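Just data-v6.cif here, mmCIF, C-alpha atoms and all ligand atoms:
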```cif
data_start
loop_
_atom_site.label_atom_id
_atom_site.label_comp_id
_atom_site.auth_asym_id
_atom_site.auth_seq_id
_atom_site.Cartn_x
_atom_site.Cartn_y
_atom_site.Cartn_z
CA MET K 1 20.40 -16.16 8.89
CA ASN K 2 18.22 -14.78 6.13
CA ILE K 3 17.31 -11.14 6.09
CA SER K 4 14.82 -10.06 3.46
CA PHE K 5 14.32 -6.58 2.08
CA TYR K 6 11.82 -7.85 -0.46
CA PRO K 7 8.94 -5.34 -0.72
CA GLY K 8 6.05 -7.78 -0.53
CA PRO K 9 5.39 -10.32 0.60
CA SER K 10 7.86 -8.93 3.09
CA THR K 11 9.44 -9.68 6.44
CA VAL K 12 6.72 -10.25 9.04
CA TYR K 13 6.89 -9.09 12.65
CA LYS K 14 8.89 -11.57 14.65
CA GLU K 15 6.02 -11.83 17.16
CA VAL K 16 3.71 -13.34 14.50
CA PRO K 17 4.33 -16.98 15.57
CA ASN K 18 3.32 -16.07 19.14
CA TYR K 19 0.15 -14.39 17.88
CA VAL K 20 -0.72 -17.48 15.83
CA GLN K 21 -0.21 -19.65 18.91
CA GLU K 22 -2.43 -17.30 20.89
CA ALA K 23 -5.14 -17.51 18.20
CA TYR K 24 -4.98 -21.29 18.39
CA ASP K 25 -5.04 -21.39 22.19
CA LYS K 26 -8.04 -19.06 22.33
CA GLY K 27 -10.01 -21.10 19.77
CA ILE K 28 -10.03 -18.17 17.34
CA LEU K 29 -8.96 -20.36 14.40
CA SER K 30 -12.31 -22.16 14.46
CA ILE K 31 -14.50 -19.26 15.49
CA ASN K 32 -17.89 -18.73 13.80
CA HIS K 33 -17.79 -15.50 11.81
CA ARG K 34 -21.40 -14.71 12.74
CA SER K 35 -20.60 -15.00 16.45
CA GLU K 36 -20.31 -12.20 18.98
CA SER K 37 -16.67 -13.15 19.69
CA PHE K 38 -15.78 -12.54 16.06
CA ALA K 39 -17.71 -9.26 16.03
CA GLN K 40 -15.63 -8.18 19.01
CA ILE K 41 -12.36 -8.95 17.21
CA LEU K 42 -13.57 -7.02 14.18
CA ARG K 43 -14.71 -4.07 16.28
CA LYS K 44 -11.38 -3.94 18.08
CA THR K 45 -9.33 -4.23 14.86
CA ILE K 46 -11.25 -1.39 13.22
CA SER K 47 -10.94 0.81 16.26
CA LEU K 48 -7.18 0.18 16.54
CA LEU K 49 -6.68 0.91 12.83
CA LYS K 50 -8.50 4.23 13.19
CA ASP K 51 -6.56 5.08 16.31
CA LYS K 52 -3.05 4.21 15.21
CA LEU K 53 -3.29 5.27 11.55
CA LEU K 54 -5.39 8.40 12.23
CA ILE K 55 -8.30 7.34 10.03
CA PRO K 56 -11.33 9.64 10.50
CA ASP K 57 -14.07 8.18 12.64
CA ASP K 58 -16.75 8.57 9.99
CA TYR K 59 -14.79 6.50 7.42
CA THR K 60 -15.79 2.85 7.02
CA ILE K 61 -13.11 0.15 7.13
CA MET K 62 -13.91 -3.08 5.27
CA PHE K 63 -11.95 -6.29 4.69
CA THR K 64 -11.32 -8.09 1.43
CA SER K 65 -8.88 -10.75 0.30
CA SER K 66 -6.35 -8.46 -1.42
CA ALA K 67 -5.68 -5.01 -2.84
CA THR K 68 -6.50 -6.39 -6.28
CA GLU K 69 -9.98 -7.33 -5.08
CA CYS K 70 -10.42 -3.73 -3.90
CA TRP K 71 -9.60 -2.51 -7.44
CA GLU K 72 -12.34 -4.75 -8.76
CA ILE K 73 -14.88 -3.67 -6.13
CA ILE K 74 -14.33 -0.01 -7.06
CA ALA K 75 -14.85 -0.75 -10.76
CA GLN K 76 -17.97 -2.83 -10.27
CA SER K 77 -19.71 -1.03 -7.38
CA LEU K 78 -18.51 2.58 -7.39
CA LEU K 79 -18.47 3.43 -11.09
CA ARG K 80 -21.45 3.88 -13.32
CA LYS K 81 -19.34 4.42 -16.37
CA GLU K 82 -15.70 5.44 -16.03
CA SER K 83 -12.77 6.52 -13.93
CA PHE K 84 -9.57 8.45 -14.68
CA HIS K 85 -6.23 6.87 -13.76
CA ILE K 86 -3.03 8.83 -13.24
CA TYR K 87 0.10 6.71 -12.90
CA ASN K 88 3.78 6.30 -13.66
CA GLY K 89 4.40 2.60 -12.98
CA GLU K 90 3.30 -1.00 -13.22
CA PHE K 91 0.82 -1.13 -10.34
CA GLY K 92 -0.99 1.99 -11.50
CA LYS K 93 -1.12 0.53 -14.99
CA LYS K 94 -2.49 -2.80 -13.77
CA TRP K 95 -5.21 -1.01 -11.83
CA PHE K 96 -6.16 0.93 -14.98
CA GLU K 97 -6.22 -2.25 -17.08
CA TYR K 98 -8.39 -4.19 -14.61
CA THR K 99 -10.82 -1.28 -14.43
CA LYS K 100 -10.97 -0.93 -18.21
CA LYS K 101 -12.13 -4.54 -18.54
CA ILE K 102 -15.17 -3.76 -16.42
CA ARG K 103 -15.64 -0.10 -17.46
CA PRO K 104 -14.29 0.22 -21.04
CA ASP K 105 -14.64 4.02 -21.11
CA THR K 106 -12.07 4.41 -18.35
CA ARG K 107 -9.20 6.77 -19.24
CA ARG K 108 -5.65 7.38 -18.14
CA LYS K 109 -2.79 9.82 -18.01
CA GLU K 110 0.79 8.76 -17.48
CA PHE K 111 3.55 10.90 -15.98
CA GLY K 112 7.31 10.58 -15.52
CA ILE K 113 9.20 8.95 -12.65
CA ASP K 114 10.92 12.19 -11.62
CA GLN K 115 7.81 14.31 -12.09
CA ASN K 116 5.24 15.75 -9.76
CA ILE K 117 1.79 15.34 -11.30
CA ASP K 118 1.07 18.62 -13.09
CA VAL K 119 -2.41 19.20 -11.68
CA SER K 120 -3.16 22.28 -13.80
CA ASP K 121 -2.58 20.20 -16.95
CA LEU K 122 -4.72 17.17 -16.10
CA GLN K 123 -7.82 17.98 -18.17
CA ILE K 124 -9.93 15.33 -16.56
CA PRO K 125 -13.20 14.98 -18.48
CA PHE K 126 -16.51 15.85 -16.89
CA SER K 127 -17.66 12.24 -17.30
CA SER K 128 -14.92 10.75 -15.06
CA GLU K 129 -16.48 9.85 -11.72
CA PHE K 130 -13.35 8.84 -9.87
CA ILE K 131 -9.73 9.94 -10.04
CA CYS K 132 -7.54 6.91 -9.27
CA ILE K 133 -4.00 7.34 -8.02
CA THR K 134 -1.33 4.91 -6.85
CA GLN K 135 0.06 6.85 -3.92
CA ASN K 136 3.16 4.70 -3.53
CA GLU K 137 4.28 3.01 -6.74
CA THR K 138 5.96 -0.18 -5.56
CA SER K 139 7.45 -0.97 -8.97
CA ASN K 140 9.65 2.12 -9.28
CA GLY K 141 9.91 3.61 -5.78
CA THR K 142 8.00 6.84 -6.35
CA GLU K 143 5.16 8.45 -4.42
CA VAL K 144 2.46 11.00 -5.01
CA ASN K 145 2.91 13.34 -2.06
CA LEU K 146 0.08 14.61 0.12
CA GLU K 147 0.40 18.19 -1.20
CA THR K 148 -0.34 16.93 -4.71
CA LEU K 149 -3.35 14.93 -3.50
CA LYS K 150 -4.60 18.05 -1.75
CA GLU K 151 -4.27 20.07 -4.94
CA ILE K 152 -6.16 17.46 -6.96
CA GLN K 153 -8.93 17.34 -4.38
CA LYS K 154 -9.17 21.13 -4.44
CA ASN K 155 -9.25 21.37 -8.24
CA TYR K 156 -11.82 18.61 -8.66
CA PRO K 157 -14.29 18.99 -5.79
CA ASP K 158 -17.04 17.17 -7.69
CA LYS K 159 -15.05 14.01 -8.32
CA LEU K 160 -14.20 11.26 -5.90
CA LEU K 161 -10.61 10.23 -5.28
CA ALA K 162 -9.49 6.61 -4.93
CA ILE K 163 -6.00 5.90 -3.67
CA ASP K 164 -3.99 2.70 -3.82
CA ALA K 165 -1.75 2.95 -0.76
CA THR K 166 -0.83 -0.73 -0.58
CA SER K 167 2.88 -0.21 0.04
CA SER K 168 2.61 2.93 2.19
CA ILE K 169 -0.38 2.47 4.49
CA ALA K 170 0.87 1.72 8.03
CA GLY K 171 4.36 2.92 6.99
CA SER K 172 3.87 6.54 5.94
CA PHE K 173 1.59 9.14 7.48
CA LEU K 174 -1.44 9.56 5.20
CA ASP K 175 -4.10 12.24 5.48
CA PHE K 176 -7.17 10.12 4.82
CA LYS K 177 -9.44 13.17 4.49
CA LEU K 178 -7.77 13.86 1.14
CA ALA K 179 -9.59 11.00 -0.59
CA ASP K 180 -12.78 8.96 -0.55
CA ILE K 181 -11.34 5.51 -1.03
CA TRP K 182 -8.06 4.10 0.28
CA LEU K 183 -7.03 0.54 -0.38
CA GLY K 184 -4.20 -1.74 0.60
CA SER K 185 -3.22 -5.18 1.83
CA VAL K 186 -1.34 -6.50 4.84
CA GLN K 187 1.77 -8.13 3.35
CA LYS K 188 3.60 -4.81 2.93
CA CYS K 189 3.84 -2.21 5.73
CA PHE K 190 1.65 -4.15 8.17
CA GLY K 191 4.33 -6.86 8.37
CA LEU K 192 1.85 -9.72 8.10
CA PRO K 193 1.41 -12.77 5.86
CA ALA K 194 -0.60 -12.14 2.66
CA GLY K 195 -4.30 -12.85 2.29
CA LEU K 196 -6.10 -9.82 3.66
CA GLY K 197 -7.04 -6.59 1.91
CA ILE K 198 -8.32 -3.36 3.43
CA LEU K 199 -10.83 -0.99 1.85
CA ILE K 200 -11.41 2.36 3.56
CA CYS K 201 -14.32 4.48 2.41
CA SER K 202 -15.49 8.04 3.18
CA PRO K 203 -19.17 8.80 3.86
CA LYS K 204 -19.36 10.29 0.35
CA GLY K 205 -17.98 7.05 -1.13
CA ILE K 206 -20.49 4.94 0.79
CA GLN K 207 -23.29 7.25 -0.31
CA LYS K 208 -22.30 6.81 -3.94
CA ALA K 209 -22.16 3.01 -3.59
CA LEU K 210 -25.64 2.99 -2.04
CA GLU K 211 -27.01 5.21 -4.80
CA ILE K 212 -25.63 2.97 -7.54
CA ASN K 213 -26.69 -0.06 -5.48
CA GLU K 214 -24.85 -2.61 -7.59
CA CYS K 215 -25.68 -5.99 -6.03
CA ASN K 216 -24.69 -8.60 -8.61
CA HIS K 217 -21.53 -9.90 -7.00
CA TYR K 218 -20.57 -11.69 -3.81
CA ASN K 219 -18.39 -8.68 -3.02
CA SER K 220 -20.73 -5.90 -4.17
CA LEU K 221 -20.01 -2.91 -1.97
CA PRO K 222 -23.55 -2.37 -0.57
CA PHE K 223 -23.45 -5.99 0.62
CA VAL K 224 -19.95 -5.67 2.12
CA TYR K 225 -21.05 -2.44 3.80
CA SER K 226 -24.29 -3.76 5.31
CA ASN K 227 -22.36 -6.68 6.82
CA ILE K 228 -19.60 -4.55 8.35
CA GLN K 229 -22.27 -2.34 9.94
CA LYS K 230 -23.11 -5.40 12.06
CA PHE K 231 -19.40 -6.22 12.51
CA GLN K 232 -19.80 -9.16 10.16
CA THR K 233 -18.30 -9.99 6.79
CA HIS K 234 -19.83 -10.98 3.45
CA TYR K 235 -18.13 -14.37 3.44
CA THR K 236 -16.16 -16.51 5.90
CA PRO K 237 -13.22 -14.17 6.20
CA ASN K 238 -9.55 -14.58 6.94
CA VAL K 239 -10.23 -14.61 10.67
CA LEU K 240 -6.60 -15.38 11.52
CA GLY K 241 -5.44 -12.49 9.32
CA ILE K 242 -7.83 -10.10 11.04
CA PHE K 243 -6.76 -11.29 14.48
CA LEU K 244 -3.06 -10.91 13.56
CA LEU K 245 -3.82 -7.42 12.29
CA SER K 246 -5.40 -6.49 15.62
CA LYS K 247 -2.32 -7.78 17.48
CA VAL K 248 0.07 -5.84 15.24
CA MET K 249 -2.00 -2.67 15.48
CA GLU K 250 -2.05 -3.02 19.24
CA SER K 251 1.74 -3.24 19.40
CA VAL K 252 2.80 -0.51 16.95
CA PRO K 253 3.19 3.16 17.86
CA ASN K 254 1.15 5.94 16.30
CA ILE K 255 1.75 6.35 12.55
CA LYS K 256 3.52 9.71 12.99
CA GLU K 257 6.16 8.00 15.08
CA VAL K 258 6.47 5.12 12.60
CA ASP K 259 6.81 7.62 9.76
CA GLN K 260 9.70 9.37 11.55
CA ARG K 261 11.50 6.12 12.20
CA LEU K 262 11.29 5.10 8.54
CA LEU K 263 12.48 8.56 7.51
CA LEU K 264 15.66 8.17 9.58
CA ARG K 265 16.44 4.86 7.91
CA ASN K 266 15.68 6.38 4.54
CA ASN K 267 18.23 9.12 5.24
CA ARG K 268 20.82 6.52 6.19
CA ILE K 269 20.43 4.79 2.83
CA SER K 270 20.57 8.14 0.99
CA THR K 271 23.84 9.01 2.68
CA LEU K 272 25.26 5.60 1.85
CA LEU K 273 24.40 5.99 -1.81
CA GLU K 274 26.00 9.42 -1.99
CA ASN K 275 29.28 7.72 -1.15
CA MET K 276 29.04 4.99 -3.72
CA LYS K 277 29.80 5.34 -7.37
CA GLY K 278 27.60 3.52 -9.83
CA LEU K 279 24.50 3.41 -7.67
CA GLU K 280 21.74 5.99 -7.30
CA PHE K 281 18.03 6.21 -6.67
CA LEU K 282 15.97 5.42 -9.76
CA CYS K 283 13.92 8.51 -8.90
CA ASN K 284 16.03 11.69 -8.96
CA ASN K 285 13.46 13.95 -7.38
CA PRO K 286 13.36 13.63 -3.57
CA SER K 287 9.91 15.25 -3.36
CA VAL K 288 8.31 12.34 -5.22
CA ARG K 289 10.56 9.54 -4.01
CA SER K 290 8.98 6.73 -2.01
CA LYS K 291 9.87 6.53 1.68
CA THR K 292 8.94 2.88 1.99
CA VAL K 293 10.20 1.23 -1.20
CA LEU K 294 13.74 2.38 -1.96
CA THR K 295 14.55 1.65 -5.58
CA ILE K 296 18.20 1.84 -6.55
CA LYS K 297 19.57 1.69 -10.06
CA GLY K 298 22.91 0.79 -11.57
CA GLU K 299 24.52 -1.15 -14.41
CA PRO K 300 22.76 -4.53 -14.68
CA ARG K 301 26.10 -6.32 -14.14
CA LEU K 302 26.70 -4.43 -10.91
CA ILE K 303 23.12 -4.96 -9.71
CA PHE K 304 23.46 -8.68 -10.34
CA LYS K 305 26.80 -8.85 -8.53
CA LEU K 306 25.53 -6.95 -5.49
CA LYS K 307 22.45 -9.13 -5.18
CA GLU K 308 24.62 -12.27 -5.36
CA GLU K 309 27.14 -11.00 -2.81
CA ALA K 310 24.38 -9.89 -0.48
CA LYS K 311 22.78 -13.30 -0.79
CA ASP K 312 26.08 -14.93 0.25
CA GLN K 313 25.86 -12.89 3.44
CA GLY K 314 22.27 -13.93 4.06
CA ILE K 315 20.72 -10.69 2.83
CA SER K 316 18.01 -10.77 0.14
CA LEU K 317 17.73 -7.50 -1.75
CA GLY K 318 14.39 -7.11 -3.53
CA ASN K 319 14.51 -7.67 -7.29
CA GLY K 320 13.63 -4.88 -9.64
CA TYR K 321 10.11 -4.94 -11.07
CA GLY K 322 8.93 -5.18 -14.67
CA SER K 323 11.11 -3.21 -17.07
CA PHE K 324 13.48 -2.34 -14.19
CA LYS K 325 14.07 -5.97 -13.28
CA ASP K 326 17.77 -6.01 -14.20
CA SER K 327 18.71 -2.38 -13.72
CA THR K 328 17.43 -1.89 -10.16
CA PHE K 329 17.06 -3.56 -6.82
CA ARG K 330 14.56 -2.59 -4.15
CA ILE K 331 14.87 -2.22 -0.39
CA ALA K 332 11.65 -2.41 1.59
CA ASN K 333 11.76 0.19 4.34
CA PHE K 334 8.83 -1.37 6.17
CA PRO K 335 8.18 -1.02 9.91
CA ALA K 336 8.42 -4.76 10.67
CA ILE K 337 12.03 -4.84 9.49
CA PRO K 338 14.16 -4.26 12.60
CA ASP K 339 16.71 -1.44 12.68
CA GLU K 340 19.39 -4.12 13.22
CA HIS K 341 18.71 -5.44 9.73
CA PHE K 342 19.43 -1.98 8.38
CA ASP K 343 22.67 -1.96 10.41
CA LEU K 344 23.69 -5.16 8.62
CA LEU K 345 22.66 -3.75 5.26
CA GLU K 346 24.74 -0.65 5.91
CA LYS K 347 27.71 -2.80 6.89
CA PHE K 348 27.32 -4.80 3.69
CA PHE K 349 27.41 -1.65 1.56
CA VAL K 350 30.27 -0.05 3.47
CA GLY K 351 32.20 -3.30 2.91
CA GLN K 352 31.87 -2.91 -0.85
CA PRO K 353 34.57 -1.02 -2.73
CA ARG K 354 33.58 2.68 -2.92
CA ASP K 355 34.28 2.67 -6.59
CA LEU K 356 32.10 -0.26 -7.59
C1 LIG K 401 1.38 -5.20 -3.82
C2 LIG K 401 0.57 -4.17 -4.46
C3 LIG K 401 -0.71 -4.45 -5.00
C4 LIG K 401 -1.28 -5.84 -5.04
O1 LIG K 401 -1.61 -6.29 -3.77
P1 LIG K 401 -2.39 -7.68 -3.59
O2 LIG K 401 -2.71 -7.72 -2.14
O3 LIG K 401 -1.44 -8.74 -4.04
O4 LIG K 401 -3.57 -7.64 -4.46
C5 LIG K 401 -1.43 -3.41 -5.54
N1 LIG K 401 -0.95 -2.16 -5.57
C6 LIG K 401 0.27 -1.85 -5.07
C7 LIG K 401 0.73 -0.44 -5.13
C8 LIG K 401 1.05 -2.84 -4.50
O5 LIG K 401 2.26 -2.53 -3.99
#
```
Translate the structure described by the file into structure tokens.
Amino acid sequence: MNISFYPGPSTVYKEVPNYVQEAYDKGILSINHRSESFAQILRKTISLLKDKLLIPDDYTIMFTSSATECWEIIAQSLLRKESFHIYNGEFGKKWFEYTKKIRPDTRRKEFGIDQNIDVSDLQIPFSSEFICITQNETSNGTEVNLETLKEIQKNYPDKLLAIDATSSIAGSFLDFKLADIWLGSVQKCFGLPAGLGILICSPKGIQKALEINECNHYNSLPFVYSNIQKFQTHYTPNVLGIFLLSKVMESVPNIKEVDQRLLLRNNRISTLLENMKGLEFLCNNPSVRSKTVLTIKGEPRLIFKLKEEAKDQGISLGNGYGSFKDSTFRIANFPAIPDEHFDLLEKFFVGQPRDL
């Protein structure tokens, strides 16, 4: 037995092997991506995503190879000059750094792990075209809540908002109307193997891309957009990945239900931690704590010991990330992980001495 709580690539739905077999049996693995059969798969996948995740009908869903590619597409096709990045962790920082290579005038503001973004104190310059936010920071288990996004949108009506929701989309309820761009990839809350990214764009975002009309790259947004209008893609895509995504989206409940289920498991882990000395959430402020990537800190020696003992019982706890590598471990609270795995995790922790 090996149970993994690693937050990406993460545990895939146990039905995935059956879906792969089905794709093979139906000839989907060798399908022509300019064919009507592929267009049908694409149409269905997009419609299921909109349905289950509550994505507005007038938003465009496009497919890429990864979330990282989406970062690059935004920098090259949606910015004339610069964006403004607000972050408190490694993924937000990486996004800023990638963007800065393409648009050197890009700026940033960092905030603390326990902090809500202080919207009144942002002082975003007039010249920033996009505000870029990592909604769920996978490296430290924090989130920017929807109220804060709403406030930013309200205070900056002339700017566009781009949101990296890679480790929350399909796990947490998101109000897509609050931003113009949402990006993610499938190896986190979608419970699928890596190799497919998702870029979601509001009509205003599409309009801006068409105005700029940057067409110098294979993945220039106007080109990606004109293809998806015909239910095609700009290169031979990850057809299997898209098919698997349609199967998963078909089988999962509505996002509000998924959100509630993850919340219950989140509460279970919170209660457990309250009863254990030496362990606590890295983020002290529940209003900005991630619901999908639970990041728990302790003495490095204790963290090491727990990870080893868990491993002996067939449970992989996710390593800490970056500067928190030794002082934290992470638990992916992703929908594909069965509740029974959380039962076993709970049993493991209850079996540890209370005074660690
Ligand atoms: C995992 C992750 C990424 C990178 O995703 P790729 O699909 O590997 O490019 C980006 N942002 C966040 C917040 C992530 O969790």
- Task: Find the spatial neighbours of Pro193 (chain K), counting all atoms listed in the file, within a cut-off of 10 Å - ignore same-chain residues fewer than 6 positions away - and output them as a ChimeraX atom specification.
- Result: /K:8-13,16,185-187,241,244-245
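Atom pair CA of Cys189 (chain K) / CA of Thr295 (chain K): separated by 16.0 Å.
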Could you make a table, as a Markdown table, of the residues of chain K that have an atom within 9 Å of an atom of ligand LIG 401 (chain K), each with its nearest atom pair and distance in Å to one decimal, counting all atoms listed in the file, in chain and number order?
```
| residue | atom | partner | partner_atom | distance |
| --- | --- | --- | --- | --- |
| K:Pro7 | CA | K:LIG401 | O5 | 8.0 |
| K:Gly8 | CA | K:LIG401 | C1 | 6.3 |
| K:Pro9 | CA | K:LIG401 | C1 | 7.9 |
| K:Ser65 | CA | K:LIG401 | O2 | 7.3 |
| K:Ser66 | CA | K:LIG401 | O2 | 3.8 |
| K:Ala67 | CA | K:LIG401 | O4 | 3.7 |
| K:Thr68 | CA | K:LIG401 | O4 | 3.7 |
| K:Glu69 | CA | K:LIG401 | O4 | 6.4 |
| K:Cys70 | CA | K:LIG401 | O4 | 7.9 |
| K:Trp71 | CA | K:LIG401 | C5 | 8.4 |
| K:Glu90 | CA | K:LIG401 | C7 | 8.5 |
| K:Phe91 | CA | K:LIG401 | N1 | 5.2 |
| K:Gly92 | CA | K:LIG401 | C7 | 7.0 |
| K:Lys94 | CA | K:LIG401 | C5 | 8.3 |
| K:Trp95 | CA | K:LIG401 | N1 | 7.7 |
| K:Thr134 | CA | K:LIG401 | C7 | 6.0 |
| K:Gln135 | CA | K:LIG401 | C7 | 7.4 |
| K:Asn136 | CA | K:LIG401 | C7 | 5.9 |
| K:Glu137 | CA | K:LIG401 | C7 | 5.2 |
| K:Thr138 | CA | K:LIG401 | O5 | 4.7 |
| K:Ser139 | CA | K:LIG401 | O5 | 7.4 |
| K:Asp164 | CA | K:LIG401 | C7 | 5.8 |
| K:Ala165 | CA | K:LIG401 | C7 | 6.1 |
| K:Thr166 | CA | K:LIG401 | C6 | 4.8 |
| K:Ser167 | CA | K:LIG401 | O5 | 4.7 |
| K:Ser168 | CA | K:LIG401 | O5 | 8.3 |
| K:Leu183 | CA | K:LIG401 | N1 | 8.4 |
| K:Gly184 | CA | K:LIG401 | O2 | 6.7 |
| K:Ser185 | CA | K:LIG401 | O2 | 4.7 |
| K:Val186 | CA | K:LIG401 | O2 | 7.2 |
| K:Gln187 | CA | K:LIG401 | O2 | 7.1 |
| K:Lys188 | CA | K:LIG401 | C1 | 7.1 |
| K:Ala194 | CA | K:LIG401 | O2 | 6.9 |
| K:Gly195 | CA | K:LIG401 | O2 | 7.0 |
| K:Leu196 | CA | K:LIG401 | O2 | 7.0 |
| K:Gly197 | CA | K:LIG401 | O2 | 6.0 |
```
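Closest approach to Lys81 (chain K) among K:Ile212, K:Val119, K:Leu302, K:Val258 is made by K:Ile212 (distances from only C-alpha atoms).
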Counting only C-alpha atoms, what is within 12 Å of Gln123 (chain K), bar same-chain residues fewer than 2 positions away, as an mmCIF file with C-alpha atoms, keeping the file's coordinate frame?
```cif
data_model
loop_
_atom_site.group_PDB
_atom_site.id
_atom_site.type_symbol
_atom_site.label_atom_id
_atom_site.label_comp_id
_atom_site.auth_asym_id
_atom_site.auth_seq_id
_atom_site.Cartn_x
_atom_site.Cartn_y
_atom_site.Cartn_z
ATOM 1 C CA PHE K 84 -9.570 8.450 -14.680
ATOM 2 C CA ILE K 86 -3.030 8.830 -13.240
ATOM 3 C CA ARG K 107 -9.200 6.770 -19.240
ATOM 4 C CA ARG K 108 -5.650 7.380 -18.140
ATOM 5 C CA LYS K 109 -2.790 9.820 -18.010
ATOM 6 C CA ASP K 118 1.070 18.620 -13.090
ATOM 7 C CA VAL K 119 -2.410 19.200 -11.680
ATOM 8 C CA SER K 120 -3.160 22.280 -13.800
ATOM 9 C CA ASP K 121 -2.580 20.200 -16.950
ATOM 10 C CA PRO K 125 -13.200 14.980 -18.480
ATOM 11 C CA PHE K 126 -16.510 15.850 -16.890
ATOM 12 C CA SER K 127 -17.660 12.240 -17.300
ATOM 13 C CA SER K 128 -14.920 10.750 -15.060
ATOM 14 C CA ILE K 131 -9.730 9.940 -10.040
ATOM 15 C CA ILE K 152 -6.160 17.460 -6.960
ATOM 16 C CA ASN K 155 -9.250 21.370 -8.240
ATOM 17 C CA TYR K 156 -11.820 18.610 -8.660
#
```
- With all atoms listed in the file as the basis for distance, which of K:Gln207, K:Arg103, K:Pro300, K:Phe173 is at the shortest distance from Gln260 (chain K)? K:Phe173
- Do you have the CA of Lys150 (chain K)-CA of Gln115 (chain K) distance handy? 16.6 Å
Region 313-319 of chain K surroundings by all atoms listed in the file, 12 Å radius, close-in-sequence under 6 positions cut, as a PDB file with C-alpha atoms, in the frame of the given file:
```pdb
ATOM      1  CA  MET K   1      20.400 -16.160   8.890  1.00  0.00           C
ATOM      2  CA  ASN K   2      18.220 -14.780   6.130  1.00  0.00           C
ATOM      3  CA  ILE K   3      17.310 -11.140   6.090  1.00  0.00           C
ATOM      4  CA  SER K   4      14.820 -10.060   3.460  1.00  0.00           C
ATOM      5  CA  PHE K   5      14.320  -6.580   2.080  1.00  0.00           C
ATOM      6  CA  TYR K   6      11.820  -7.850  -0.460  1.00  0.00           C
ATOM      7  CA  PRO K   7       8.940  -5.340  -0.720  1.00  0.00           C
ATOM      8  CA  GLY K   8       6.050  -7.780  -0.530  1.00  0.00           C
ATOM      9  CA  PRO K   9       5.390 -10.320   0.600  1.00  0.00           C
ATOM     10  CA  SER K  10       7.860  -8.930   3.090  1.00  0.00           C
ATOM     11  CA  THR K  11       9.440  -9.680   6.440  1.00  0.00           C
ATOM     12  CA  THR K 138       5.960  -0.180  -5.560  1.00  0.00           C
ATOM     13  CA  SER K 139       7.450  -0.970  -8.970  1.00  0.00           C
ATOM     14  CA  ASN K 140       9.650   2.120  -9.280  1.00  0.00           C
ATOM     15  CA  GLY K 141       9.910   3.610  -5.780  1.00  0.00           C
ATOM     16  CA  VAL K 293      10.200   1.230  -1.200  1.00  0.00           C
ATOM     17  CA  LEU K 294      13.740   2.380  -1.960  1.00  0.00           C
ATOM     18  CA  THR K 295      14.550   1.650  -5.580  1.00  0.00           C
ATOM     19  CA  ILE K 296      18.200   1.840  -6.550  1.00  0.00           C
ATOM     20  CA  LYS K 297      19.570   1.690 -10.060  1.00  0.00           C
ATOM     21  CA  PRO K 300      22.760  -4.530 -14.680  1.00  0.00           C
ATOM     22  CA  ILE K 303      23.120  -4.960  -9.710  1.00  0.00           C
ATOM     23  CA  PHE K 304      23.460  -8.680 -10.340  1.00  0.00           C
ATOM     24  CA  LYS K 305      26.800  -8.850  -8.530  1.00  0.00           C
ATOM     25  CA  LEU K 306      25.530  -6.950  -5.490  1.00  0.00           C
ATOM     26  CA  LYS K 307      22.450  -9.130  -5.180  1.00  0.00           C
ATOM     27  CA  LYS K 325      14.070  -5.970 -13.280  1.00  0.00           C
ATOM     28  CA  ASP K 326      17.770  -6.010 -14.200  1.00  0.00           C
ATOM     29  CA  SER K 327      18.710  -2.380 -13.720  1.00  0.00           C
ATOM     30  CA  THR K 328      17.430  -1.890 -10.160  1.00  0.00           C
ATOM     31  CA  PHE K 329      17.060  -3.560  -6.820  1.00  0.00           C
ATOM     32  CA  ARG K 330      14.560  -2.590  -4.150  1.00  0.00           C
ATOM     33  CA  ILE K 331      14.870  -2.220  -0.390  1.00  0.00           C
ATOM     34  CA  ALA K 332      11.650  -2.410   1.590  1.00  0.00           C
ATOM     35  CA  ASN K 333      11.760   0.190   4.340  1.00  0.00           C
ATOM     36  CA  HIS K 341      18.710  -5.440   9.730  1.00  0.00           C
ATOM     37  CA  PHE K 342      19.430  -1.980   8.380  1.00  0.00           C
ATOM     38  CA  ASP K 343      22.670  -1.960  10.410  1.00  0.00           C
ATOM     39  CA  LEU K 344      23.690  -5.160   8.620  1.00  0.00           C
ATOM     40  CA  LEU K 345      22.660  -3.750   5.260  1.00  0.00           C
ATOM     41  CA  GLU K 346      24.740  -0.650   5.910  1.00  0.00           C
ATOM     42  CA  LYS K 347      27.710  -2.800   6.890  1.00  0.00           C
ATOM     43  CA  PHE K 348      27.320  -4.800   3.690  1.00  0.00           C
ATOM     44  CA  PHE K 349      27.410  -1.650   1.560  1.00  0.00           C
ATOM     45  CA  GLY K 351      32.200  -3.300   2.910  1.00  0.00           C
TER      46      GLY K 351
END
```
